[in-house]
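Following: one structure in structure tokens, then a few remarks.
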Amino acid sequence: MASPRGERLSIVLAGRRNVGKSSLINALAGQSVAIVSEIPGTTTDPVRKSYELLPLGPVTFIDTAGIDDQGEIGSLRVARTEKTLKNADLVLIVAEADRWEEEEELRRKLKQEGISYLIVMNKSDLGVPSMETAEKIGEKFVSVSSVSDTGIDELKLKIIETAGRVREKSILRDLVEAGETVVLVVPIDLSAPRGRLILPQVQVIRDILDNDAIVIVTKERDLHKCLSGLNSKPSLVVTDSQAVLKVVKELPADVRLTTFSILFARYKGELGPLIRGARIIDELKDGDRVMIAEACSHHVQEDDIGRVKIPRWLTEYSGVSLKFETVSGLEFPPDISGFKLIIHCGGCMITEHEMKNRIKTAQEAHVAITNYGICISKVQGVLERTAGIFSEFQLS
């Protein structure tokens with residue numbers, strides 16, 4: 001099974017037109033992915049290639065339009081490139097010998113955004129940077145030739161070394177010890193995909209096993225029987241948010257409890273700001289706009305969690321008339337200033353960097369943001385139980 005997009009590190013190639021970004025992505029992937037041409041501006045929209053970069057794991061290489069593109073259409077291409085860069089885990093600044101101008105501005109922006117980067121001097125078969133250019137760059141770079149494949153293996157090692165620092169993260173490593181038991185409560189209802197579990201549930205199961213703990217999966221109606229059959233209490237119970245009230249009633253008060261959505265709020269974003277965002281729910285007034293943000297497009301079912309259940313529960317809790325608007329897909333709206341609250345999905349289909357960018361965008365616009373699971377726990381009065389096991393809850 002291919003790794004989901006949200007678990008692939010996003011490695012973006014950026015630089016001027018005609019510095020060989022498309023040739024370089026082809027060399028890195030070992031196949032023709034992007035169109036290569038001597039004509040500047042051949043790459044228009046970002047070109048993506050999924051790749052297994054071992055031992056790092058799954059990554060996505062993204063080729064972009066030149067940062068020096070010109071004209072009305074060129075400006076749109078540059079804007080698209082800049083949007084892609086904001087969601088990058090790692091950027092390869094691709095340049096060529098004795099030309100370091102636009103690249104300096106790109107490096108400055110990446111540093112400002114806190115995005116990791118590597119400098120790659122391409123076309124080494126035609127010449128290498130002079131001492132003057134090397135001094136202007138002021139840091140180590142990798143010289144490569146995508147034509148002769150010179151330096152490609154060295155570049156891959158540098159990518160693995162740099163990006164590896166980003167990937168060292170676990171969903172619940174700090175919550176369970178090896179040998180402990182974790183019970184997962186997974187309702188099977190109309191919204192559950194036939195024949196399989198949803199992605200967050202699968203990822204949590206794998207993370208538990210990776211940490212040498214024991215995982216038991218049960219439906220909410222069988223939780224009592226499951227707990228009764230254990231020789232000792234589980235170290236942790238993780239439930240789907242829609243079953244949280246039933247689980248709270250069944251579970252002893254001294255057993256730690258959280259939800260899949262809250263786990264992913266911490267894993268993919270920042271739990272503190274999302275908990276603070278939920279507190280705005282108590283301040284909602286008639287006419288306030290609430291955005292339901294879905295990171296992926298999906299078939300909407302009769303009792304959809306984001307479009308039907310959460311609006312219903314939130315309206316019942318607040319007692320006011322709210323205006324709900326749904327946004328779905330990988331593009332986050334450029335203007336969110338008119339909203340009082342954003343309720344985001346778990347974000348399993350986007351990267352950590354993308355989720356954090358969305359939180360940052362909301363903070364800059366002074367709009368409260370939370371996620372599905374935190375919102376559900378809040379309106380059902382169990383947020384302290386489901387999020388209280390995390391230090392971020394106490395600090396928020």
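Every chain in the structure tokens has a letter given in the order shown (A, B, ...), and although residue numbers restart at 1 in each chain, ligands are simply numbered from 1 in the order shown.
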Where in region 165-353 of chain A does DSSP assign strand (DSSP E), given as a ChimeraX atom specification? /A:181-185,214-218,236-239,257-259,289-294,323-328,341-344
Excluding same-chain residues fewer than 3 positions from region 341-356 of chain A, what lies within 8 Å of it counting only C-alpha atoms, as JSON, numbers by chain? {"A": [4, 5, 6, 7, 8, 9, 10, 86, 87, 88, 89, 199, 200, 261, 262, 264, 265, 267, 268, 269, 270, 277, 280, 281, 289, 290, 291, 292, 293, 294, 295, 296, 306, 330, 359, 360, 367, 368, 369, 370, 371, 372, 373, 375]}
Excluding same-chain residues fewer than 4 positions from Phe390 (chain A), what lies within 10 Å of it counting only C-alpha atoms, as a PDB file with C-alpha atoms, in the first residue's frame?
```pdb
ATOM      1  CA  LEU A 175       2.093   8.099  26.113  1.00  0.00           C
ATOM      2  CA  THR A 258      -8.184  10.612  24.400  1.00  0.00           C
ATOM      3  CA  ILE A 262      -6.956  15.029  19.479  1.00  0.00           C
ATOM      4  CA  LEU A 263      -3.945  12.771  18.905  1.00  0.00           C
ATOM      5  CA  ARG A 266      -0.906  17.204  18.390  1.00  0.00           C
ATOM      6  CA  LEU A 271      -2.482  21.137  20.359  1.00  0.00           C
ATOM      7  CA  GLY A 272      -2.255  24.295  22.501  1.00  0.00           C
ATOM      8  CA  GLU A 384     -10.867  17.990  30.240  1.00  0.00           C
ATOM      9  CA  THR A 386      -9.903  13.647  26.654  1.00  0.00           C
ATOM     10  CA  GLN A 394      -2.774  22.686  31.317  1.00  0.00           C
ATOM     11  CA  LEU A 395      -0.758  25.455  29.632  1.00  0.00           C
TER      12      LEU A 395
END
```
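When only C-alpha atoms are used to measure the gap to Asp254 (chain A), the shortest distance among A:Val19, A:Ile389, A:Val186, A:Ala29 belongs to A:Ile389.
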Residue neighbourhood region 210-216 of chain A, 12 Å, only C-alpha atoms, exclusion window fewer than 2 positions, as number ranges by chain: A: 169-186, 201-208, 218-219, 222-223, 226-227, 229-230, 234-239
Store the residues of this selection in a file with C-alpha atoms, as a PDB file, in the first residue's frame.
```pdb
ATOM      1  CA  LYS A 169       8.092  11.986  15.342  1.00  0.00           C
ATOM      2  CA  SER A 170       5.630   9.501  16.816  1.00  0.00           C
ATOM      3  CA  ILE A 171       1.890   9.815  17.387  1.00  0.00           C
ATOM      4  CA  LEU A 172       1.935   8.455  20.941  1.00  0.00           C
ATOM      5  CA  ARG A 173       5.474   7.341  21.828  1.00  0.00           C
ATOM      6  CA  ASP A 174       5.454   9.492  24.971  1.00  0.00           C
ATOM      7  CA  LEU A 175       2.093   8.099  26.113  1.00  0.00           C
ATOM      8  CA  VAL A 176       2.776   4.344  26.275  1.00  0.00           C
ATOM      9  CA  GLU A 177       5.655   2.113  27.259  1.00  0.00           C
ATOM     10  CA  ALA A 178       6.685  -1.136  25.565  1.00  0.00           C
ATOM     11  CA  GLY A 179       4.448  -3.996  26.670  1.00  0.00           C
ATOM     12  CA  GLU A 180       1.560  -1.766  27.783  1.00  0.00           C
ATOM     13  CA  THR A 181      -1.941  -2.221  26.361  1.00  0.00           C
ATOM     14  CA  VAL A 182      -3.812   0.376  24.338  1.00  0.00           C
ATOM     15  CA  VAL A 183      -7.501  -0.092  23.509  1.00  0.00           C
ATOM     16  CA  LEU A 184      -8.853   1.571  20.368  1.00  0.00           C
ATOM     17  CA  VAL A 185     -12.599   2.169  20.137  1.00  0.00           C
ATOM     18  CA  VAL A 186     -13.649   2.137  16.485  1.00  0.00           C
ATOM     19  CA  GLN A 201      -6.925   4.508  12.919  1.00  0.00           C
ATOM     20  CA  VAL A 202      -4.470   2.557  10.767  1.00  0.00           C
ATOM     21  CA  GLN A 203      -1.654   4.995  11.575  1.00  0.00           C
ATOM     22  CA  VAL A 204      -2.295   4.789  15.316  1.00  0.00           C
ATOM     23  CA  ILE A 205      -2.276   0.959  15.186  1.00  0.00           C
ATOM     24  CA  ARG A 206       1.050   1.009  13.362  1.00  0.00           C
ATOM     25  CA  ASP A 207       2.524   3.550  15.796  1.00  0.00           C
ATOM     26  CA  ILE A 208       1.520   1.434  18.793  1.00  0.00           C
ATOM     27  CA  THR A 218     -13.119  -2.952  19.575  1.00  0.00           C
ATOM     28  CA  LYS A 219     -16.460  -1.402  18.667  1.00  0.00           C
ATOM     29  CA  ASP A 222     -18.260  -4.152  22.999  1.00  0.00           C
ATOM     30  CA  LEU A 223     -16.035  -1.928  25.140  1.00  0.00           C
ATOM     31  CA  CYS A 226     -13.336  -5.922  26.150  1.00  0.00           C
ATOM     32  CA  LEU A 227     -12.317  -4.258  29.422  1.00  0.00           C
ATOM     33  CA  GLY A 229     -11.640  -9.605  29.604  1.00  0.00           C
ATOM     34  CA  LEU A 230      -8.358  -7.865  30.423  1.00  0.00           C
ATOM     35  CA  PRO A 234      -5.272  -0.590  29.763  1.00  0.00           C
ATOM     36  CA  SER A 235      -2.622   2.111  29.832  1.00  0.00           C
ATOM     37  CA  LEU A 236      -4.602   4.218  27.369  1.00  0.00           C
ATOM     38  CA  VAL A 237      -7.924   4.198  25.507  1.00  0.00           C
ATOM     39  CA  VAL A 238      -8.287   6.056  22.218  1.00  0.00           C
ATOM     40  CA  THR A 239     -11.767   6.512  20.808  1.00  0.00           C
TER      41      THR A 239
END
```
If we count only C-alpha atoms, what is near Gly381 (chain A) at a cut-off of 12 Å, once residues fewer than 2 positions away on the same chain are taken out, given as a list in words? Val244, Leu245, Val248, Ala278, Arg279, Asp282, Trp313, Leu314, Tyr317, Ile374, Cys375, Ile376, Ser377, Lys378, Val379, Leu383, Glu384, Arg385, Thr386 and Ala387 of chain A
One decimal place gives the CA of Lys340 (chain A)-CA of Arg358 (chain A) separation as 15.1 Å
Please list as a VMD selection string every residue within 8 Å of Thr60 (chain A), counting only C-alpha atoms and excluding residues in the same chain fewer than 2 positions away. chain A and resid 8 to 11 48 to 51 58 62
Output all heavy atoms for every residue in the selection just made, as a compact mmCIF listing (two decimals), in the first residue's frame.
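Written output follows (again.txt):
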```
# COMPACT_ATOMS: atom_id res chain seq x y z
N ARG A 8 4.16 11.81 3.60
CA ARG A 8 5.33 11.97 2.72
C ARG A 8 5.95 13.35 2.93
O ARG A 8 5.25 14.35 2.84
CB ARG A 8 4.92 11.81 1.25
CG ARG A 8 4.54 10.39 0.88
CD ARG A 8 4.19 10.27 -0.60
NE ARG A 8 4.00 8.87 -0.95
CZ ARG A 8 4.97 8.06 -1.35
NH1 ARG A 8 6.19 8.54 -1.47
NH2 ARG A 8 4.73 6.81 -1.64
N LEU A 9 7.23 13.37 3.20
CA LEU A 9 7.90 14.66 3.30
C LEU A 9 7.86 15.37 1.95
O LEU A 9 8.10 14.76 0.91
CB LEU A 9 9.35 14.48 3.75
CG LEU A 9 9.57 14.04 5.20
CD1 LEU A 9 11.05 13.91 5.49
CD2 LEU A 9 8.93 15.02 6.16
N SER A 10 7.58 16.64 1.99
CA SER A 10 7.46 17.44 0.77
C SER A 10 8.79 18.15 0.49
O SER A 10 9.20 19.03 1.25
CB SER A 10 6.33 18.47 0.96
OG SER A 10 6.23 19.30 -0.16
N ILE A 11 9.46 17.75 -0.59
CA ILE A 11 10.77 18.32 -0.96
C ILE A 11 10.61 19.10 -2.25
O ILE A 11 10.36 18.52 -3.32
CB ILE A 11 11.84 17.21 -1.11
CG1 ILE A 11 11.95 16.42 0.20
CG2 ILE A 11 13.18 17.80 -1.51
CD1 ILE A 11 12.87 15.23 0.14
N ARG A 48 4.65 16.83 -9.33
CA ARG A 48 4.94 16.02 -8.15
C ARG A 48 5.35 14.60 -8.52
O ARG A 48 4.78 14.01 -9.43
CB ARG A 48 3.72 15.97 -7.23
CG ARG A 48 3.44 17.28 -6.53
CD ARG A 48 2.11 17.24 -5.77
NE ARG A 48 2.01 18.38 -4.86
CZ ARG A 48 1.66 19.60 -5.21
NH1 ARG A 48 1.37 19.84 -6.49
NH2 ARG A 48 1.61 20.57 -4.33
N LYS A 49 6.33 14.07 -7.78
CA LYS A 49 6.76 12.69 -7.97
C LYS A 49 6.97 12.04 -6.61
O LYS A 49 7.83 12.46 -5.83
CB LYS A 49 8.06 12.63 -8.79
CG LYS A 49 8.67 11.23 -8.87
CD LYS A 49 7.73 10.21 -9.49
CE LYS A 49 8.35 8.81 -9.49
NZ LYS A 49 7.39 7.79 -10.00
N SER A 50 6.17 11.02 -6.32
CA SER A 50 6.35 10.24 -5.08
C SER A 50 7.54 9.31 -5.25
O SER A 50 7.73 8.73 -6.32
CB SER A 50 5.08 9.44 -4.77
OG SER A 50 3.99 10.32 -4.54
N TYR A 51 8.31 9.16 -4.16
CA TYR A 51 9.56 8.41 -4.27
C TYR A 51 9.91 7.84 -2.90
O TYR A 51 9.67 8.48 -1.87
CB TYR A 51 10.66 9.35 -4.77
CG TYR A 51 12.00 8.70 -5.04
CD1 TYR A 51 12.21 7.94 -6.18
CD2 TYR A 51 13.07 8.87 -4.17
CE1 TYR A 51 13.44 7.36 -6.45
CE2 TYR A 51 14.31 8.30 -4.42
CZ TYR A 51 14.49 7.54 -5.57
OH TYR A 51 15.72 6.97 -5.83
N PRO A 58 9.17 7.51 2.55
CA PRO A 58 8.44 8.12 1.43
C PRO A 58 8.56 9.64 1.41
O PRO A 58 8.41 10.31 2.44
CB PRO A 58 6.99 7.69 1.68
CG PRO A 58 6.92 7.47 3.16
CD PRO A 58 8.27 6.95 3.57
N ILE A 62 8.88 17.92 -5.66
CA ILE A 62 7.97 18.83 -6.35
C ILE A 62 8.79 19.82 -7.18
O ILE A 62 9.59 20.60 -6.63
CB ILE A 62 7.06 19.60 -5.37
CG1 ILE A 62 6.30 18.61 -4.48
CG2 ILE A 62 6.09 20.49 -6.13
CD1 ILE A 62 5.46 19.27 -3.41
```
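Residues lying within 9 Å of Asp68 (chain A), counting only C-alpha atoms and ignoring same-chain neighbours fewer than 4 positions away, are Gly15, Arg16, Arg17, Gly74, Ser75, Val78 and Glu102 of chain A.
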Residues of region 232-391 of chain A in alpha helix (DSSP H) according to DSSP, as a PyMOL selection string? chain A and resi 244-250+260-268+271-278+310-318+352-364+372-379+383-387+391
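Counting only C-alpha atoms and comparing A:Thr315, A:Arg307, A:Val255, A:Ser228, the residue that lies closest to Leu284 (chain A) is A:Thr315.
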Interatomic distance, CA of Glu250 (chain A) to CA of His224 (chain A) (Å, one decimal): 6.4 Å
